[in-house]
Amino acid sequence: FPHNLNIIPSSDPSSKVLVENVPSLRERVGRFFFYDISIPSEKCLVPLTYFDEGLCSSIMCVLLKQLGEKLDAVRCQAGECIERLLTAQSPRVPFVSHRNMLVKALCVGEHSTNWSNPAVTFPLLMRAVNIDGFFSPILEGIVVSVGGLTESVSKNSTASLFEWIRVCRQLKATQKILQMGEVFLGLFRRFKRNGRVLLPLLSTLDKLLSHGYLEELLTLNNGNFIRILMTSLSNEASGCSDVKRLLAIVRVSLNMIQPDLETAATMRESVLPLVMTALLNPYPRVRQYTAEQLYVKIEEDGDKLFGSQASLEDATQLLLNVVWHDEFDHHGHIVKARNQIADLLGVALSEEARQITFGTTASRTVRNDEFE
């Protein structure tokens with residue numbers, strides 16, 4: 001202790017020791033320990049460490065997520081870092097959870113792995129997806145690759161994801177598929193309006209729906225996944241100025257309509273209102289695309305969507321004859337046609353929705369697809 005202490009004698013237990021320009025014992029201890037000053041107990045003292053189990057787990061999650069990235073250079077660096085963390089012996093990296101399982105799943109140490117090669121990386125990565133704690137980061141990473149534009153990356157990541165789902169079905173591991181759905185919904189919540197994540201996510205959902213790999217999610221829990229997903233899509237479409245994202249939302253929405261499933265009624269109630277809204281989207285290209293895709297869906301499953309053949313034919317004629325990409329709907333033909341299609345499909349529209357206008361007939365100007 002320092003010698004230049006001025007002690008103020010007092011019987012009061014709250015009396016203080018005044019120290020001139022000398023840190024108190026409390027401050028000096030605080031430099032070496034992290035502790036909760038609100039609890040006067042030595043049990044609160046915890047040595048301050050720079051690397052612990054939590055930090056190690058976070059690092060591994062980030063690296064595994066990057067291992068599923070769409071860029072070859074990123075996957076290569078992530079794979080090499082993971083190899084060093086798992087195999088280093090001098091010193092050996094502590095706190096790596098499920099080390100042996102990761103080594104076995106990723107075939108670390110067996111041979112030299114070219115992590116930049118998507119045909120090699122993605123099958124190995126999906127072997128590690130079932131390890132506790134790494135499920136979400138691996139799926140979040142691979143979603144970006146499945147929905148990416150690079151053909152080789154998208155092809156191999158999609159094949160690996162499809163194969164994993166097939167194995168889950170064979171093993172009746174339905175809970176894993178439900179967890180996958182939770183990951184997808186979580187991405188919508190965390191990355192709202194973020195096209196870099198949501199556009200690949202929408203593309204991934206489109207592929208899974210088109211190939212019938214989401215039937216479990218669409219049917220279990222009374223269609224709860226459908227309702228939550230459609231709410232997310234509606235929120236994302238509202239006010240969205242990204243035409244590519246809007247087109248992807250339309251594709252996913254229409255692929256959600258699968259009349260043969262037992263939750264078909266829930267699908268109609270949740271999906272068709274969004275499709276009707278898209279038919280009057282401010283962007284001409286979105287309206288035209290929605291009409292085209294709805295026509296295709298009616299051609300495939302029209303007899304299950306309409307109550308009569310006459311209604312089906314009337315809706316088909318409206319979709320074919322109306323100029324949906326007309327920028328200036330002066331006479332309201334597009335709005336009238338949309339309302340008629342909604343009535344034929346049994347979609348309830350509010351009075352406000354029936355009278356909606358766009359282009360020069362409204363207070364706002366029509367949006368131009370090419371320059372937004």
# chains A, B, ... in the order shown; residues from 1 in each chain; ligands from 1

call {"tool": "residues_around", "arguments": {"residues": "Leu254 in chain A", "least_positions_apart": "4", "cutoff": "8 Å", "atoms": "only C-alpha atoms", "output": "list in words"}}
result
Val250, Val271, Val275, Gln293, Leu294 and Lys297 of chain A

call {"tool": "closest_atom_pairs", "arguments": {"of": "range 243-305 of chain A", "to": "range 345-355 of chain A", "cutoff": "9 Å", "atoms": "only C-alpha atoms", "output": "tab-separated table"}}
result
residue	atom	partner	partner_atom	distance
A:Arg268	CA	A:Val347	CA	8.4
A:Glu269	CA	A:Val347	CA	7.7
A:Leu272	CA	A:Val347	CA	6.9
A:Pro273	CA	A:Val347	CA	6.6
A:Met276	CA	A:Val347	CA	8.3
A:Thr277	CA	A:Ala353	CA	8.4
A:Leu305	CA	A:Leu345	CA	6.9

call {"tool": "write_last_selection", "arguments": {"atoms": "N, CA and C atoms", "output": "short mmCIF file (atom, residue, chain, number, x, y, z; two decimals), in the first residue's frame"}}
result
data_model
loop_
_atom_site.label_atom_id
_atom_site.label_comp_id
_atom_site.auth_asym_id
_atom_site.auth_seq_id
_atom_site.Cartn_x
_atom_site.Cartn_y
_atom_site.Cartn_z
N ARG A 268 -54.60 -20.87 -49.75
CA ARG A 268 -55.43 -19.94 -50.50
C ARG A 268 -55.68 -18.67 -49.71
N GLU A 269 -56.03 -18.83 -48.44
CA GLU A 269 -56.34 -17.67 -47.61
C GLU A 269 -55.13 -16.76 -47.41
N LEU A 272 -53.31 -15.95 -51.88
CA LEU A 272 -54.03 -15.26 -52.95
C LEU A 272 -54.21 -13.75 -52.72
N PRO A 273 -54.44 -13.28 -51.49
CA PRO A 273 -54.52 -11.82 -51.31
C PRO A 273 -53.25 -11.09 -51.74
N MET A 276 -53.19 -10.98 -55.53
CA MET A 276 -54.11 -9.96 -56.04
C MET A 276 -53.51 -8.56 -55.89
N THR A 277 -52.79 -8.34 -54.81
CA THR A 277 -52.12 -7.05 -54.62
C THR A 277 -51.03 -6.85 -55.67
N LEU A 305 -58.68 -24.78 -58.18
CA LEU A 305 -58.71 -23.42 -57.63
C LEU A 305 -60.06 -22.75 -57.82
#

call {"tool": "atom_distance", "arguments": {"atom1": "CA of Gly109 in chain A", "atom2": "CA of Thr121 in chain A"}}
result
14.6 Å

call {"tool": "residues_around", "arguments": {"residues": "range 310-327 of chain A", "least_positions_apart": "6", "cutoff": "8 Å", "atoms": "only C-alpha atoms", "output": "list of chain:residue names"}}
result
A:Leu279, A:Pro284, A:Arg285, A:Arg287, A:Gln288, A:Ala291, A:Glu292, A:Tyr295, A:Ile298, A:Gly302, A:Asp303, A:His333, A:Ile334, A:Ala337, A:Gln340, A:Ile341, A:Leu344, A:Gly359, A:Val366

call {"tool": "closest_atom_pairs", "arguments": {"of": "range 133-186 of chain A", "to": "range 227-244 of chain A", "cutoff": "12 Å", "atoms": "only C-alpha atoms", "output": "CSV"}}
result
residue,atom,partner,partner_atom,distance
A:Gly181,CA,A:Leu229,CA,9.3
A:Glu182,CA,A:Leu229,CA,10.1
A:Val183,CA,A:Leu229,CA,11.6
A:Phe184,CA,A:Leu229,CA,8.8
A:Leu185,CA,A:Leu229,CA,6.7
A:Gly186,CA,A:Ser232,CA,10.1

call {"tool": "decode", "arguments": {"residues": "range 215-247 of chain A", "atoms": "N, CA and C atoms", "output": "PDB file, in the first residue's frame"}}
result
ATOM      1  N   GLU A 215     -42.754 -29.789 -48.297  1.00  0.00           N
ATOM      2  CA  GLU A 215     -44.097 -30.282 -47.978  1.00  0.00           C
ATOM      3  C   GLU A 215     -44.307 -30.428 -46.477  1.00  0.00           C
ATOM      4  N   GLU A 216     -43.274 -30.871 -45.768  1.00  0.00           N
ATOM      5  CA  GLU A 216     -43.412 -31.018 -44.318  1.00  0.00           C
ATOM      6  C   GLU A 216     -43.684 -29.671 -43.657  1.00  0.00           C
ATOM      7  N   LEU A 217     -42.979 -28.646 -44.102  1.00  0.00           N
ATOM      8  CA  LEU A 217     -43.180 -27.318 -43.522  1.00  0.00           C
ATOM      9  C   LEU A 217     -44.561 -26.767 -43.852  1.00  0.00           C
ATOM     10  N   LEU A 218     -45.069 -27.100 -45.030  1.00  0.00           N
ATOM     11  CA  LEU A 218     -46.356 -26.562 -45.460  1.00  0.00           C
ATOM     12  C   LEU A 218     -47.534 -27.258 -44.793  1.00  0.00           C
ATOM     13  N   THR A 219     -47.320 -28.462 -44.299  1.00  0.00           N
ATOM     14  CA  THR A 219     -48.443 -29.234 -43.767  1.00  0.00           C
ATOM     15  C   THR A 219     -48.456 -29.342 -42.246  1.00  0.00           C
ATOM     16  N   LEU A 220     -47.297 -29.299 -41.607  1.00  0.00           N
ATOM     17  CA  LEU A 220     -47.258 -29.491 -40.158  1.00  0.00           C
ATOM     18  C   LEU A 220     -47.728 -28.239 -39.420  1.00  0.00           C
ATOM     19  N   ASN A 221     -48.166 -28.448 -38.186  1.00  0.00           N
ATOM     20  CA  ASN A 221     -48.607 -27.349 -37.305  1.00  0.00           C
ATOM     21  C   ASN A 221     -49.721 -26.512 -37.926  1.00  0.00           C
ATOM     22  N   ASN A 222     -50.624 -27.187 -38.640  1.00  0.00           N
ATOM     23  CA  ASN A 222     -51.794 -26.522 -39.230  1.00  0.00           C
ATOM     24  C   ASN A 222     -51.422 -25.364 -40.154  1.00  0.00           C
ATOM     25  N   GLY A 223     -50.313 -25.516 -40.849  1.00  0.00           N
ATOM     26  CA  GLY A 223     -49.915 -24.484 -41.805  1.00  0.00           C
ATOM     27  C   GLY A 223     -49.370 -23.225 -41.169  1.00  0.00           C
ATOM     28  N   ASN A 224     -48.824 -23.343 -39.966  1.00  0.00           N
ATOM     29  CA  ASN A 224     -48.304 -22.158 -39.279  1.00  0.00           C
ATOM     30  C   ASN A 224     -47.147 -21.528 -40.049  1.00  0.00           C
ATOM     31  N   PHE A 225     -46.301 -22.370 -40.652  1.00  0.00           N
ATOM     32  CA  PHE A 225     -45.181 -21.854 -41.440  1.00  0.00           C
ATOM     33  C   PHE A 225     -45.690 -21.011 -42.610  1.00  0.00           C
ATOM     34  N   ILE A 226     -46.774 -21.452 -43.237  1.00  0.00           N
ATOM     35  CA  ILE A 226     -47.334 -20.717 -44.376  1.00  0.00           C
ATOM     36  C   ILE A 226     -47.748 -19.317 -43.950  1.00  0.00           C
ATOM     37  N   ARG A 227     -48.466 -19.232 -42.838  1.00  0.00           N
ATOM     38  CA  ARG A 227     -48.966 -17.931 -42.387  1.00  0.00           C
ATOM     39  C   ARG A 227     -47.831 -16.978 -42.043  1.00  0.00           C
ATOM     40  N   ILE A 228     -46.825 -17.490 -41.333  1.00  0.00           N
ATOM     41  CA  ILE A 228     -45.713 -16.620 -40.935  1.00  0.00           C
ATOM     42  C   ILE A 228     -44.907 -16.191 -42.158  1.00  0.00           C
ATOM     43  N   LEU A 229     -44.673 -17.135 -43.070  1.00  0.00           N
ATOM     44  CA  LEU A 229     -43.906 -16.804 -44.274  1.00  0.00           C
ATOM     45  C   LEU A 229     -44.644 -15.781 -45.127  1.00  0.00           C
ATOM     46  N   MET A 230     -45.947 -15.948 -45.305  1.00  0.00           N
ATOM     47  CA  MET A 230     -46.698 -15.006 -46.129  1.00  0.00           C
ATOM     48  C   MET A 230     -46.764 -13.629 -45.477  1.00  0.00           C
ATOM     49  N   THR A 231     -46.803 -13.589 -44.157  1.00  0.00           N
ATOM     50  CA  THR A 231     -46.738 -12.296 -43.467  1.00  0.00           C
ATOM     51  C   THR A 231     -45.403 -11.617 -43.743  1.00  0.00           C
ATOM     52  N   SER A 232     -44.328 -12.396 -43.710  1.00  0.00           N
ATOM     53  CA  SER A 232     -43.000 -11.847 -44.004  1.00  0.00           C
ATOM     54  C   SER A 232     -42.917 -11.359 -45.443  1.00  0.00           C
ATOM     55  N   LEU A 233     -43.477 -12.133 -46.375  1.00  0.00           N
ATOM     56  CA  LEU A 233     -43.448 -11.734 -47.781  1.00  0.00           C
ATOM     57  C   LEU A 233     -44.283 -10.475 -48.011  1.00  0.00           C
ATOM     58  N   SER A 234     -45.424 -10.387 -47.363  1.00  0.00           N
ATOM     59  CA  SER A 234     -46.273  -9.196 -47.510  1.00  0.00           C
ATOM     60  C   SER A 234     -45.572  -7.958 -46.978  1.00  0.00           C
ATOM     61  N   ASN A 235     -44.930  -8.101 -45.827  1.00  0.00           N
ATOM     62  CA  ASN A 235     -44.202  -6.966 -45.254  1.00  0.00           C
ATOM     63  C   ASN A 235     -43.049  -6.543 -46.156  1.00  0.00           C
ATOM     64  N   GLU A 236     -42.393  -7.524 -46.747  1.00  0.00           N
ATOM     65  CA  GLU A 236     -41.257  -7.215 -47.615  1.00  0.00           C
ATOM     66  C   GLU A 236     -41.719  -6.570 -48.916  1.00  0.00           C
ATOM     67  N   ALA A 237     -42.850  -7.012 -49.442  1.00  0.00           N
ATOM     68  CA  ALA A 237     -43.352  -6.469 -50.706  1.00  0.00           C
ATOM     69  C   ALA A 237     -43.906  -5.060 -50.544  1.00  0.00           C
ATOM     70  N   SER A 238     -44.402  -4.759 -49.361  1.00  0.00           N
ATOM     71  CA  SER A 238     -45.006  -3.449 -49.127  1.00  0.00           C
ATOM     72  C   SER A 238     -43.951  -2.348 -49.220  1.00  0.00           C
ATOM     73  N   GLY A 239     -44.104  -1.487 -50.188  1.00  0.00           N
ATOM     74  CA  GLY A 239     -43.177  -0.374 -50.352  1.00  0.00           C
ATOM     75  C   GLY A 239     -41.840  -0.746 -50.945  1.00  0.00           C
ATOM     76  N   CYS A 240     -41.679  -1.984 -51.396  1.00  0.00           N
ATOM     77  CA  CYS A 240     -40.398  -2.423 -51.958  1.00  0.00           C
ATOM     78  C   CYS A 240     -40.181  -1.793 -53.336  1.00  0.00           C
ATOM     79  N   SER A 241     -38.982  -1.298 -53.588  1.00  0.00           N
ATOM     80  CA  SER A 241     -38.654  -0.690 -54.878  1.00  0.00           C
ATOM     81  C   SER A 241     -37.687  -1.542 -55.688  1.00  0.00           C
ATOM     82  N   ASP A 242     -37.391  -2.735 -55.197  1.00  0.00           N
ATOM     83  CA  ASP A 242     -36.492  -3.653 -55.901  1.00  0.00           C
ATOM     84  C   ASP A 242     -37.343  -4.604 -56.744  1.00  0.00           C
ATOM     85  N   VAL A 243     -37.343  -4.398 -58.053  1.00  0.00           N
ATOM     86  CA  VAL A 243     -38.202  -5.189 -58.935  1.00  0.00           C
ATOM     87  C   VAL A 243     -37.828  -6.667 -58.889  1.00  0.00           C
ATOM     88  N   LYS A 244     -36.541  -6.971 -58.858  1.00  0.00           N
ATOM     89  CA  LYS A 244     -36.115  -8.369 -58.812  1.00  0.00           C
ATOM     90  C   LYS A 244     -36.649  -9.069 -57.570  1.00  0.00           C
ATOM     91  N   ARG A 245     -36.620  -8.368 -56.459  1.00  0.00           N
ATOM     92  CA  ARG A 245     -37.123  -8.962 -55.224  1.00  0.00           C
ATOM     93  C   ARG A 245     -38.636  -9.154 -55.299  1.00  0.00           C
ATOM     94  N   LEU A 246     -39.335  -8.205 -55.893  1.00  0.00           N
ATOM     95  CA  LEU A 246     -40.784  -8.324 -56.039  1.00  0.00           C
ATOM     96  C   LEU A 246     -41.150  -9.515 -56.924  1.00  0.00           C
ATOM     97  N   LEU A 247     -40.412  -9.704 -58.011  1.00  0.00           N
ATOM     98  CA  LEU A 247     -40.677 -10.851 -58.887  1.00  0.00           C
ATOM     99  C   LEU A 247     -40.420 -12.165 -58.152  1.00  0.00           C
TER     100      LEU A 247
END
